[in-house]
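Have a look at the structure below before the remarks.
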Amino acid sequence: MTPKLDLAADPVDLTAALADIPSVSGEEAELATAVEVALGEQAGHLSVVRSGNAVLAHTTLGRPSRVVLAGHLDTVPVNDNLPVRRTGEHLHGLGTCDMKGGDAVMLHVAATVTEPRHDLTFVFYDCEEIEAARNGLGRVERELPDWLAGDLAIVCEPSNAVVEAGCQGTMRVELRTTGARAHTARAWMGVNAIHALGDALRRLEKYEARTVELDGCTYREGLQAVRVAGGVSGNVVPDEAVLTVNHRFAPDRSPADAEAHLRDVFAGYELTVTDVAAGALPGLAAPAAAELVEAAGGDPVAKLGWTDVARFAALGMPAVNFGPGDPTLAHTQQEHVPIAQITRCAEVLGRFLSA
């Protein structure tokens, strides 16, 4: 039996209801059906479609601009943190922060803002918490690309109820060194590949990361060793070693710029890019983005991690993060969300979107 959601209810209660419906990545069908049914029954001004375990809804009012609101339905695996419980001014439990609070705000706005000043698109998608190839936004982009078009995208990921503009890019590279094996009793007959990483580690230790200001937002870059692999056995000089480095780069750099920078930093080493995702410029000069910042009544800040705003930016749209919850609590057993932030986000988006 499909759980019933009351979209006009207090978004705090709606957050709890959403979080109590199982939705670990790949298992969102029950929640997607509940969202689809609720929108169909309680938001008659919206057209609703289903794409796998993603649910999309939009208005067609002929407004001169369109705002896309997006939120993922899935969570990481349960970690003895369900069912949801309320203590004082917080909701505790899996997904309350990442990101059922944001989903609840979106659903509440979808049902209650019936005459918006912008045409609206709502995208509730699946499989965000696992490998990028399964991310429901990618499927929607391939199969229903018109549903992602707009003048501003708001991804309701947790941002402490503050507008976080754009996002940084991320790149992982491997530095590989080679040597020659020998018995450690006769080490001078070999070449130690692990020792050959020493200069690269010293370069990392001395590295000074950039701080970049864009649209009034400060992005702090980073370059960190995240893994070292090598060794044959306890009495053999190793002939191969690999150092994995993660680079977080400001959105004024393209992936090609970031790679060129790392090749310069690690000149002389064999370097292979193993993973990369472009960042997203803040785009706060766009009219709709400026209106949101004004409605939020605070100074926007830079998003220092990577989120799906980058997918929207790649489509040529300014994109921001705005949702309840502290992102540092995401994926932890102690995950929780302040009730006041859920209420604030609903009020800000309602004020921003209402005619």
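Please note that chains go A, B, ... in the order of the structure tokens, that every chain numbers its residues from 1, and that ligands are numbered from 1 in the order shown.
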Once DSSP has gone over the backbone, tell me which residues of region 200-257 of chain A are in strand (DSSP E), as a short mmCIF file (atom, residue, chain, number, x, y, z; two decimals) with N, CA, C and O atoms, in the first residue's frame.
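File written: part.cif
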data_model
loop_
_atom_site.label_atom_id
_atom_site.label_comp_id
_atom_site.auth_asym_id
_atom_site.auth_seq_id
_atom_site.Cartn_x
_atom_site.Cartn_y
_atom_site.Cartn_z
N THR A 211 43.07 30.95 -3.16
CA THR A 211 41.77 31.41 -2.70
C THR A 211 41.24 32.35 -3.77
O THR A 211 41.91 33.31 -4.14
N VAL A 212 40.03 32.06 -4.26
CA VAL A 212 39.49 32.79 -5.41
C VAL A 212 38.15 33.39 -5.04
O VAL A 212 37.29 32.70 -4.46
N GLU A 213 37.94 34.66 -5.37
CA GLU A 213 36.65 35.30 -5.12
C GLU A 213 35.91 35.48 -6.44
O GLU A 213 36.43 36.09 -7.38
N LEU A 214 34.69 34.97 -6.50
CA LEU A 214 33.83 35.08 -7.68
C LEU A 214 32.44 35.49 -7.23
O LEU A 214 31.85 34.84 -6.36
N CYS A 217 31.82 35.50 -3.64
CA CYS A 217 31.94 34.23 -2.91
C CYS A 217 33.40 33.76 -2.95
O CYS A 217 34.04 33.81 -4.00
N THR A 218 33.89 33.29 -1.82
CA THR A 218 35.28 32.89 -1.71
C THR A 218 35.42 31.37 -1.79
O THR A 218 34.87 30.63 -0.97
N TYR A 219 36.17 30.91 -2.80
CA TYR A 219 36.42 29.48 -3.01
C TYR A 219 37.85 29.17 -2.58
O TYR A 219 38.80 29.79 -3.07
N ARG A 220 38.00 28.23 -1.67
CA ARG A 220 39.32 27.81 -1.18
C ARG A 220 39.68 26.47 -1.83
O ARG A 220 39.01 25.46 -1.58
N GLY A 222 42.11 23.13 -2.78
CA GLY A 222 42.84 22.19 -1.95
C GLY A 222 43.57 21.16 -2.79
O GLY A 222 43.14 20.83 -3.90
N LEU A 223 44.67 20.66 -2.26
CA LEU A 223 45.45 19.61 -2.93
C LEU A 223 45.97 18.69 -1.83
O LEU A 223 46.79 19.10 -1.01
N GLN A 224 45.48 17.45 -1.82
CA GLN A 224 45.79 16.54 -0.72
C GLN A 224 46.13 15.14 -1.24
O GLN A 224 45.45 14.62 -2.13
N ALA A 225 47.16 14.55 -0.66
CA ALA A 225 47.41 13.12 -0.87
C ALA A 225 46.34 12.34 -0.13
O ALA A 225 46.08 12.61 1.05
N VAL A 226 45.71 11.39 -0.80
CA VAL A 226 44.63 10.63 -0.16
C VAL A 226 44.92 9.13 -0.10
O VAL A 226 44.21 8.39 0.58
N ARG A 227 45.98 8.68 -0.79
CA ARG A 227 46.29 7.24 -0.73
C ARG A 227 47.72 7.02 -1.23
O ARG A 227 48.16 7.68 -2.17
N VAL A 228 48.42 6.09 -0.58
CA VAL A 228 49.73 5.65 -1.04
C VAL A 228 49.70 4.13 -1.12
O VAL A 228 49.28 3.45 -0.18
N ALA A 229 50.12 3.59 -2.25
CA ALA A 229 50.12 2.14 -2.44
C ALA A 229 51.49 1.70 -2.96
O ALA A 229 52.09 2.38 -3.81
N GLY A 230 51.98 0.60 -2.46
CA GLY A 230 53.25 0.06 -2.93
C GLY A 230 53.74 -1.02 -1.99
O GLY A 230 53.18 -1.24 -0.91
N VAL A 236 61.76 -7.04 0.40
CA VAL A 236 62.00 -6.75 -1.02
C VAL A 236 61.93 -5.25 -1.25
O VAL A 236 60.98 -4.58 -0.82
N VAL A 237 62.93 -4.71 -1.93
CA VAL A 237 62.88 -3.31 -2.37
C VAL A 237 61.78 -3.19 -3.41
O VAL A 237 61.79 -3.92 -4.41
N GLU A 240 57.46 -0.59 -7.61
CA GLU A 240 56.36 0.24 -8.08
C GLU A 240 55.65 0.86 -6.88
O GLU A 240 55.51 0.23 -5.84
N ALA A 241 55.22 2.11 -7.05
CA ALA A 241 54.45 2.80 -6.01
C ALA A 241 53.52 3.78 -6.68
O ALA A 241 53.79 4.30 -7.77
N VAL A 242 52.38 4.03 -6.01
CA VAL A 242 51.38 4.93 -6.56
C VAL A 242 50.91 5.88 -5.46
O VAL A 242 50.54 5.43 -4.37
N LEU A 243 50.92 7.16 -5.75
CA LEU A 243 50.40 8.19 -4.87
C LEU A 243 49.14 8.77 -5.50
O LEU A 243 49.17 9.24 -6.64
N THR A 244 48.01 8.72 -4.76
CA THR A 244 46.75 9.29 -5.25
C THR A 244 46.54 10.65 -4.61
O THR A 244 46.66 10.80 -3.39
N VAL A 245 46.24 11.64 -5.44
CA VAL A 245 46.07 13.02 -4.99
C VAL A 245 44.71 13.53 -5.43
O VAL A 245 44.29 13.29 -6.58
N ASN A 246 44.02 14.23 -4.52
CA ASN A 246 42.74 14.85 -4.85
C ASN A 246 42.91 16.37 -4.90
O ASN A 246 43.45 16.97 -3.98
N HIS A 247 42.43 16.95 -5.98
CA HIS A 247 42.50 18.41 -6.17
C HIS A 247 41.08 18.96 -6.22
O HIS A 247 40.26 18.51 -7.02
N ARG A 248 40.77 19.90 -5.35
CA ARG A 248 39.51 20.63 -5.38
C ARG A 248 39.81 22.02 -5.94
O ARG A 248 40.58 22.77 -5.35
N PHE A 249 39.21 22.33 -7.09
CA PHE A 249 39.59 23.57 -7.77
C PHE A 249 38.39 24.49 -7.96
O PHE A 249 37.25 24.05 -8.12
#
Proximity of region 48-110 of chain A to region 147-169 of chain A: per-residue shortest pair, 9 Å limit, only C-alpha atoms, as JSON lines:
{"residue": "A:Leu56", "atom": "CA", "partner": "A:Trp147", "partner_atom": "CA", "distance": 7.8}
{"residue": "A:Ala57", "atom": "CA", "partner": "A:Trp147", "partner_atom": "CA", "distance": 8.6}
{"residue": "A:His58", "atom": "CA", "partner": "A:Trp147", "partner_atom": "CA", "distance": 8.1}
{"residue": "A:Ser65", "atom": "CA", "partner": "A:Asp151", "partner_atom": "CA", "distance": 6.1}
{"residue": "A:Arg66", "atom": "CA", "partner": "A:Gly150", "partner_atom": "CA", "distance": 4.8}
{"residue": "A:Val67", "atom": "CA", "partner": "A:Leu152", "partner_atom": "CA", "distance": 5.0}
{"residue": "A:Val68", "atom": "CA", "partner": "A:Ala153", "partner_atom": "CA", "distance": 4.6}
{"residue": "A:Leu69", "atom": "CA", "partner": "A:Ile154", "partner_atom": "CA", "distance": 4.8}
{"residue": "A:Ala70", "atom": "CA", "partner": "A:Val155", "partner_atom": "CA", "distance": 4.8}
{"residue": "A:Gly71", "atom": "CA", "partner": "A:Cys156", "partner_atom": "CA", "distance": 5.6}
{"residue": "A:His72", "atom": "CA", "partner": "A:Glu157", "partner_atom": "CA", "distance": 8.4}
{"residue": "A:Cys97", "atom": "CA", "partner": "A:Pro158", "partner_atom": "CA", "distance": 6.3}
{"residue": "A:Asp98", "atom": "CA", "partner": "A:Pro158", "partner_atom": "CA", "distance": 6.3}
{"residue": "A:Met99", "atom": "CA", "partner": "A:Glu157", "partner_atom": "CA", "distance": 6.0}
{"residue": "A:Gly101", "atom": "CA", "partner": "A:Pro158", "partner_atom": "CA", "distance": 8.1}
{"residue": "A:Gly102", "atom": "CA", "partner": "A:Cys156", "partner_atom": "CA", "distance": 4.9}
{"residue": "A:Asp103", "atom": "CA", "partner": "A:Cys156", "partner_atom": "CA", "distance": 7.2}
{"residue": "A:Val105", "atom": "CA", "partner": "A:Cys156", "partner_atom": "CA", "distance": 8.4}
{"residue": "A:Met106", "atom": "CA", "partner": "A:Cys156", "partner_atom": "CA", "distance": 7.8}
Handout entry: Nearby residues (only C-alpha atoms) at most 6 Å from Gly95 (chain A), same-chain spacing under 4 positions excluded, as a list in words
Key = Ala19, Thr75, Met99 and Lys100 of chain A
Exercise for the section: Go through A:Tyr269, A:Ala54, A:Ala330, A:Thr33 one by one, measure the shortest atom-to-atom distance of each to Asp199 (chain A) using only C-alpha atoms, and give the residue with the smallest value. Expected result: A:Tyr269
Problem - Shell of 8 Å around Leu18 (chain A), only C-alpha atoms, local chain residues under 6 positions omitted, as a list of chain:residue names - result: A:Leu5, A:Leu31, A:Lys100, A:Ala104
Handout entry: Leu284 (chain A) environment, 10 Å, only C-alpha atoms, sequence neighbours closer than 2 positions dropped, as a ChimeraX atom specification
Key = /A:152,165-166,214-217,281-282,286-293,300,318-320
Residues from last step as file, all heavy atoms, as a CSV table (one decimal), in the first residue's frame:
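out32.csv, written as the output of this step:
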chain,number,residue,atom,x,y,z
A,152,LEU,N,17.3,29.3,-13.9
A,152,LEU,CA,18.0,29.1,-12.7
A,152,LEU,C,17.6,27.7,-12.1
A,152,LEU,O,16.5,27.3,-12.2
A,152,LEU,CB,17.5,30.2,-11.6
A,152,LEU,CG,18.0,30.0,-10.2
A,152,LEU,CD1,19.6,30.2,-10.1
A,152,LEU,CD2,17.3,30.9,-9.2
A,165,ALA,N,26.6,29.2,-3.6
A,165,ALA,CA,26.6,29.5,-5.0
A,165,ALA,C,27.6,28.6,-5.7
A,165,ALA,O,28.7,28.4,-5.3
A,165,ALA,CB,26.9,30.9,-5.3
A,166,GLY,N,27.2,28.0,-6.9
A,166,GLY,CA,28.1,27.2,-7.7
A,166,GLY,C,28.6,26.0,-6.9
A,166,GLY,O,28.1,25.6,-5.9
A,214,LEU,N,34.7,35.0,-6.5
A,214,LEU,CA,33.8,35.1,-7.7
A,214,LEU,C,32.4,35.5,-7.2
A,214,LEU,O,31.9,34.8,-6.4
A,214,LEU,CB,33.8,33.7,-8.4
A,214,LEU,CG,35.1,33.1,-8.9
A,214,LEU,CD1,34.9,31.7,-9.4
A,214,LEU,CD2,35.6,34.0,-10.1
A,215,ASP,N,31.9,36.5,-7.8
A,215,ASP,CA,30.6,37.0,-7.4
A,215,ASP,C,30.4,37.2,-5.9
A,215,ASP,O,29.4,37.0,-5.3
A,215,ASP,CB,29.5,36.1,-7.9
A,215,ASP,CG,29.2,36.2,-9.4
A,215,ASP,OD1,29.8,37.0,-10.1
A,215,ASP,OD2,28.3,35.5,-9.9
A,216,GLY,N,31.5,37.7,-5.3
A,216,GLY,CA,31.5,37.9,-3.9
A,216,GLY,C,31.6,36.7,-3.0
A,216,GLY,O,31.5,36.7,-1.8
A,217,CYS,N,31.8,35.5,-3.6
A,217,CYS,CA,31.9,34.2,-2.9
A,217,CYS,C,33.4,33.8,-2.9
A,217,CYS,O,34.0,33.8,-4.0
A,217,CYS,CB,31.0,33.2,-3.5
A,217,CYS,SG,29.3,33.5,-3.5
A,281,LEU,N,30.2,27.8,-12.0
A,281,LEU,CA,30.3,29.2,-11.6
A,281,LEU,C,29.1,29.7,-10.8
A,281,LEU,O,28.0,29.1,-11.0
A,281,LEU,CB,30.5,30.1,-12.8
A,281,LEU,CG,31.8,29.9,-13.6
A,281,LEU,CD1,31.7,30.5,-15.0
A,281,LEU,CD2,32.9,30.6,-12.8
A,282,PRO,N,29.3,30.6,-9.9
A,282,PRO,CA,28.1,31.0,-9.0
A,282,PRO,C,27.0,31.6,-9.8
A,282,PRO,O,25.8,31.4,-9.4
A,282,PRO,CB,28.8,32.0,-8.0
A,282,PRO,CG,30.0,32.5,-8.7
A,282,PRO,CD,30.5,31.3,-9.5
A,286,ALA,N,22.7,36.5,-12.6
A,286,ALA,CA,21.5,36.2,-13.3
A,286,ALA,C,20.3,36.8,-12.5
A,286,ALA,O,20.2,36.6,-11.3
A,286,ALA,CB,21.4,34.7,-13.5
A,287,PRO,N,19.3,37.4,-13.2
A,287,PRO,CA,18.2,38.0,-12.5
A,287,PRO,C,17.5,37.1,-11.5
A,287,PRO,O,17.2,37.5,-10.3
A,287,PRO,CB,17.2,38.4,-13.6
A,287,PRO,CG,18.1,38.6,-14.8
A,287,PRO,CD,19.2,37.6,-14.7
A,288,ALA,N,17.2,35.8,-11.9
A,288,ALA,CA,16.5,35.0,-10.9
A,288,ALA,C,17.3,34.6,-9.7
A,288,ALA,O,16.8,34.5,-8.6
A,288,ALA,CB,16.0,33.7,-11.7
A,289,ALA,N,18.6,34.4,-9.9
A,289,ALA,CA,19.5,34.2,-8.8
A,289,ALA,C,19.6,35.3,-7.9
A,289,ALA,O,19.6,35.2,-6.6
A,289,ALA,CB,20.9,33.8,-9.4
A,290,ALA,N,19.7,36.5,-8.4
A,290,ALA,CA,19.7,37.7,-7.6
A,290,ALA,C,18.4,37.9,-6.8
A,290,ALA,O,18.4,38.3,-5.6
A,290,ALA,CB,19.9,39.0,-8.4
A,291,GLU,N,17.3,37.5,-7.3
A,291,GLU,CA,16.0,37.6,-6.6
A,291,GLU,C,16.0,36.6,-5.5
A,291,GLU,O,15.5,36.9,-4.4
A,291,GLU,CB,14.8,37.2,-7.6
A,291,GLU,CG,14.6,38.3,-8.6
A,291,GLU,CD,13.5,37.8,-9.6
A,291,GLU,OE1,12.8,36.8,-9.3
A,291,GLU,OE2,13.3,38.5,-10.6
A,292,LEU,N,16.6,35.4,-5.7
A,292,LEU,CA,16.6,34.4,-4.6
A,292,LEU,C,17.5,34.9,-3.5
A,292,LEU,O,17.1,34.7,-2.3
A,292,LEU,CB,17.2,33.0,-5.1
A,292,LEU,CG,17.4,32.0,-4.1
A,292,LEU,CD1,16.1,31.6,-3.4
A,292,LEU,CD2,18.0,30.7,-4.7
A,293,VAL,N,18.6,35.4,-3.8
A,293,VAL,CA,19.5,36.0,-2.8
A,293,VAL,C,18.8,37.0,-1.9
A,293,VAL,O,18.9,37.1,-0.7
A,293,VAL,CB,20.8,36.5,-3.4
A,293,VAL,CG1,21.6,37.3,-2.4
A,293,VAL,CG2,21.6,35.4,-4.0
A,300,PRO,N,25.3,35.3,0.2
A,300,PRO,CA,25.6,33.9,-0.3
A,300,PRO,C,27.0,33.5,0.0
A,300,PRO,O,27.9,34.4,0.1
A,300,PRO,CB,25.3,34.0,-1.8
A,300,PRO,CG,25.5,35.5,-2.1
A,300,PRO,CD,25.1,36.2,-0.9
A,318,PRO,N,22.7,29.2,-14.5
A,318,PRO,CA,23.2,29.4,-13.2
A,318,PRO,C,22.5,28.5,-12.2
A,318,PRO,O,21.4,28.1,-12.3
A,318,PRO,CB,22.8,30.9,-12.9
A,318,PRO,CG,21.7,31.2,-13.8
A,318,PRO,CD,21.9,30.3,-15.0
A,319,ALA,N,23.3,28.0,-11.2
A,319,ALA,CA,22.8,27.0,-10.3
A,319,ALA,C,23.3,27.3,-8.9
A,319,ALA,O,24.5,27.6,-8.7
A,319,ALA,CB,23.1,25.6,-10.7
A,320,VAL,N,22.4,27.1,-7.9
A,320,VAL,CA,22.8,27.3,-6.5
A,320,VAL,C,22.3,26.1,-5.6
A,320,VAL,O,21.4,25.4,-6.1
A,320,VAL,CB,22.3,28.6,-5.9
A,320,VAL,CG1,22.8,29.8,-6.7
A,320,VAL,CG2,20.7,28.6,-5.9
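When CA of Ala111 (chain A) is paired with CA of Leu73 (chain A), their separation reads 17.6 Å.
Proximity to Gln334 (chain A) was assessed for A:Arg86, A:Lys206, A:His92, A:Arg117 counting only C-alpha atoms; the smallest distance is recorded for A:His92.
Residue nearest Glu28 (chain A) within the list A:Asp80, A:Asp252, A:Glu221, A:Glu128: A:Glu128 [criterion: smallest interatomic distance, only C-alpha atoms].
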Handout entry: Backbone-only DSSP, helix (DSSP H, G or I) members of region 93-312 of chain A, as a PyMOL selection string
Key = chain A and resi 96-112+132-134+136-143+145-148+184-189+195-206+255-265+287-296+309-312
Handout entry: Residue contacts of Ala32 (chain A) (9 Å, only C-alpha atoms) excluding same-chain residues fewer than 4 positions away, as an MDAnalysis selection string
Key = chainID A and resid 23 28 36:37 50 52:55 73 124:126
Would you save the residues of that selection, restricted to all heavy atoms, as a JSON list (two decimals), in the first residue's frame?
[["chain", "number", "residue", "atom", "x", "y", "z"],
["A", 23, "SER", "N", 14.39, 4.26, 1.25],
["A", 23, "SER", "CA", 14.79, 4.82, -0.04],
["A", 23, "SER", "C", 16.30, 4.76, -0.23],
["A", 23, "SER", "O", 16.90, 5.69, -0.79],
["A", 23, "SER", "CB", 14.31, 6.27, -0.17],
["A", 23, "SER", "OG", 14.79, 7.07, 0.90],
["A", 28, "GLU", "N", 14.34, 3.17, -4.40],
["A", 28, "GLU", "CA", 13.50, 4.35, -4.20],
["A", 28, "GLU", "C", 12.08, 4.20, -4.71],
["A", 28, "GLU", "O", 11.29, 5.14, -4.64],
["A", 28, "GLU", "CB", 14.13, 5.59, -4.88],
["A", 28, "GLU", "CG", 15.56, 5.87, -4.53],
["A", 28, "GLU", "CD", 16.54, 5.25, -5.51],
["A", 28, "GLU", "OE1", 16.16, 4.25, -6.18],
["A", 28, "GLU", "OE2", 17.66, 5.75, -5.61],
["A", 36, "GLU", "N", 4.86, 10.62, -6.60],
["A", 36, "GLU", "CA", 4.09, 10.73, -7.84],
["A", 36, "GLU", "C", 2.59, 10.82, -7.56],
["A", 36, "GLU", "O", 1.88, 11.67, -8.13],
["A", 36, "GLU", "CB", 4.40, 9.53, -8.73],
["A", 36, "GLU", "CG", 3.66, 9.54, -10.07],
["A", 36, "GLU", "CD", 3.92, 8.28, -10.88],
["A", 36, "GLU", "OE1", 4.38, 7.26, -10.29],
["A", 36, "GLU", "OE2", 3.66, 8.31, -12.09],
["A", 37, "VAL", "N", 2.09, 9.95, -6.69],
["A", 37, "VAL", "CA", 0.66, 9.95, -6.37],
["A", 37, "VAL", "C", 0.27, 11.24, -5.67],
["A", 37, "VAL", "O", -0.76, 11.86, -6.01],
["A", 37, "VAL", "CB", 0.32, 8.73, -5.49],
["A", 37, "VAL", "CG1", -1.10, 8.84, -4.94],
["A", 37, "VAL", "CG2", 0.49, 7.44, -6.29],
["A", 50, "ARG", "N", 6.89, 10.27, -14.85],
["A", 50, "ARG", "CA", 7.78, 9.36, -14.12],
["A", 50, "ARG", "C", 8.88, 8.90, -15.06],
["A", 50, "ARG", "O", 8.64, 8.57, -16.22],
["A", 50, "ARG", "CB", 6.96, 8.16, -13.61],
["A", 50, "ARG", "CG", 7.74, 7.09, -12.85],
["A", 50, "ARG", "CD", 7.91, 7.45, -11.40],
["A", 50, "ARG", "NE", 8.48, 6.32, -10.64],
["A", 50, "ARG", "CZ", 7.80, 5.56, -9.80],
["A", 50, "ARG", "NH1", 6.51, 5.80, -9.58],
["A", 50, "ARG", "NH2", 8.39, 4.57, -9.15],
["A", 52, "GLY", "N", 11.81, 6.13, -14.56],
["A", 52, "GLY", "CA", 12.41, 5.20, -13.63],
["A", 52, "GLY", "C", 11.90, 5.50, -12.23],
["A", 52, "GLY", "O", 10.69, 5.55, -12.00],
["A", 53, "ASN", "N", 12.79, 5.73, -11.29],
["A", 53, "ASN", "CA", 12.40, 6.12, -9.94],
["A", 53, "ASN", "C", 12.60, 7.62, -9.72],
["A", 53, "ASN", "O", 12.81, 8.06, -8.58],
["A", 53, "ASN", "CB", 13.16, 5.31, -8.90],
["A", 53, "ASN", "CG", 12.63, 3.90, -8.79],
["A", 53, "ASN", "OD1", 11.46, 3.65, -9.04],
["A", 53, "ASN", "ND2", 13.50, 2.96, -8.43],
["A", 54, "ALA", "N", 12.53, 8.38, -10.78],
["A", 54, "ALA", "CA", 12.52, 9.84, -10.69],
["A", 54, "ALA", "C", 11.11, 10.33, -11.02],
["A", 54, "ALA", "O", 10.40, 9.74, -11.84],
["A", 54, "ALA", "CB", 13.52, 10.46, -11.66],
["A", 55, "VAL", "N", 10.70, 11.41, -10.35],
["A", 55, "VAL", "CA", 9.39, 12.01, -10.58],
["A", 55, "VAL", "C", 9.62, 13.48, -10.95],
["A", 55, "VAL", "O", 10.34, 14.19, -10.25],
["A", 55, "VAL", "CB", 8.50, 11.92, -9.33],
["A", 55, "VAL", "CG1", 7.13, 12.54, -9.60],
["A", 55, "VAL", "CG2", 8.35, 10.46, -8.89],
["A", 73, "LEU", "N", 16.02, 11.59, -4.08],
["A", 73, "LEU", "CA", 15.16, 10.84, -3.18],
["A", 73, "LEU", "C", 15.91, 9.79, -2.37],
["A", 73, "LEU", "O", 15.39, 9.32, -1.36],
["A", 73, "LEU", "CB", 14.06, 10.13, -3.98],
["A", 73, "LEU", "CG", 13.03, 11.02, -4.70],
["A", 73, "LEU", "CD1", 12.09, 10.16, -5.54],
["A", 73, "LEU", "CD2", 12.25, 11.86, -3.70],
["A", 124, "PHE", "N", 12.57, 15.25, -8.73],
["A", 124, "PHE", "CA", 12.89, 14.37, -7.61],
["A", 124, "PHE", "C", 13.53, 13.12, -8.23],
["A", 124, "PHE", "O", 12.85, 12.35, -8.89],
["A", 124, "PHE", "CB", 11.63, 13.99, -6.83],
["A", 124, "PHE", "CG", 10.88, 15.18, -6.28],
["A", 124, "PHE", "CD1", 9.88, 15.80, -7.02],
["A", 124, "PHE", "CD2", 11.18, 15.68, -5.02],
["A", 124, "PHE", "CE1", 9.18, 16.89, -6.52],
["A", 124, "PHE", "CE2", 10.49, 16.78, -4.51],
["A", 124, "PHE", "CZ", 9.49, 17.39, -5.27],
["A", 125, "TYR", "N", 14.83, 12.93, -8.00],
["A", 125, "TYR", "CA", 15.54, 11.92, -8.77],
["A", 125, "TYR", "C", 16.20, 10.87, -7.89],
["A", 125, "TYR", "O", 16.30, 11.03, -6.67],
["A", 125, "TYR", "CB", 16.55, 12.56, -9.72],
["A", 125, "TYR", "CG", 17.62, 13.41, -9.07],
["A", 125, "TYR", "CD1", 18.91, 12.93, -8.89],
["A", 125, "TYR", "CD2", 17.35, 14.72, -8.66],
["A", 125, "TYR", "CE1", 19.89, 13.70, -8.32],
["A", 125, "TYR", "CE2", 18.34, 15.51, -8.08],
["A", 125, "TYR", "CZ", 19.61, 14.99, -7.91],
["A", 125, "TYR", "OH", 20.58, 15.77, -7.33],
["A", 126, "ASP", "N", 16.63, 9.82, -8.52],
["A", 126, "ASP", "CA", 17.13, 8.63, -7.84],
["A", 126, "ASP", "C", 18.65, 8.50, -7.99],
["A", 126, "ASP", "O", 19.27, 9.12, -8.85],
["A", 126, "ASP", "CB", 16.45, 7.38, -8.40],
["A", 126, "ASP", "CG", 16.55, 7.28, -9.92],
["A", 126, "ASP", "OD1", 16.39, 8.32, -10.59],
["A", 126, "ASP", "OD2", 16.78, 6.18, -10.45]]
Exercise for the section: Quick one: everything within 9 Å of region 180-183 of chain A, counting only C-alpha atoms, minus sequence neighbours fewer than 6 positions away in the same chain. Send it as a list of chain:residue names. Expected result: A:Met189, A:Gly190, A:Val191, A:Asn192, A:Ala193, A:Val232, A:Asn235, A:Val236, A:Val237, A:Pro238, A:Asp239, A:Glu240
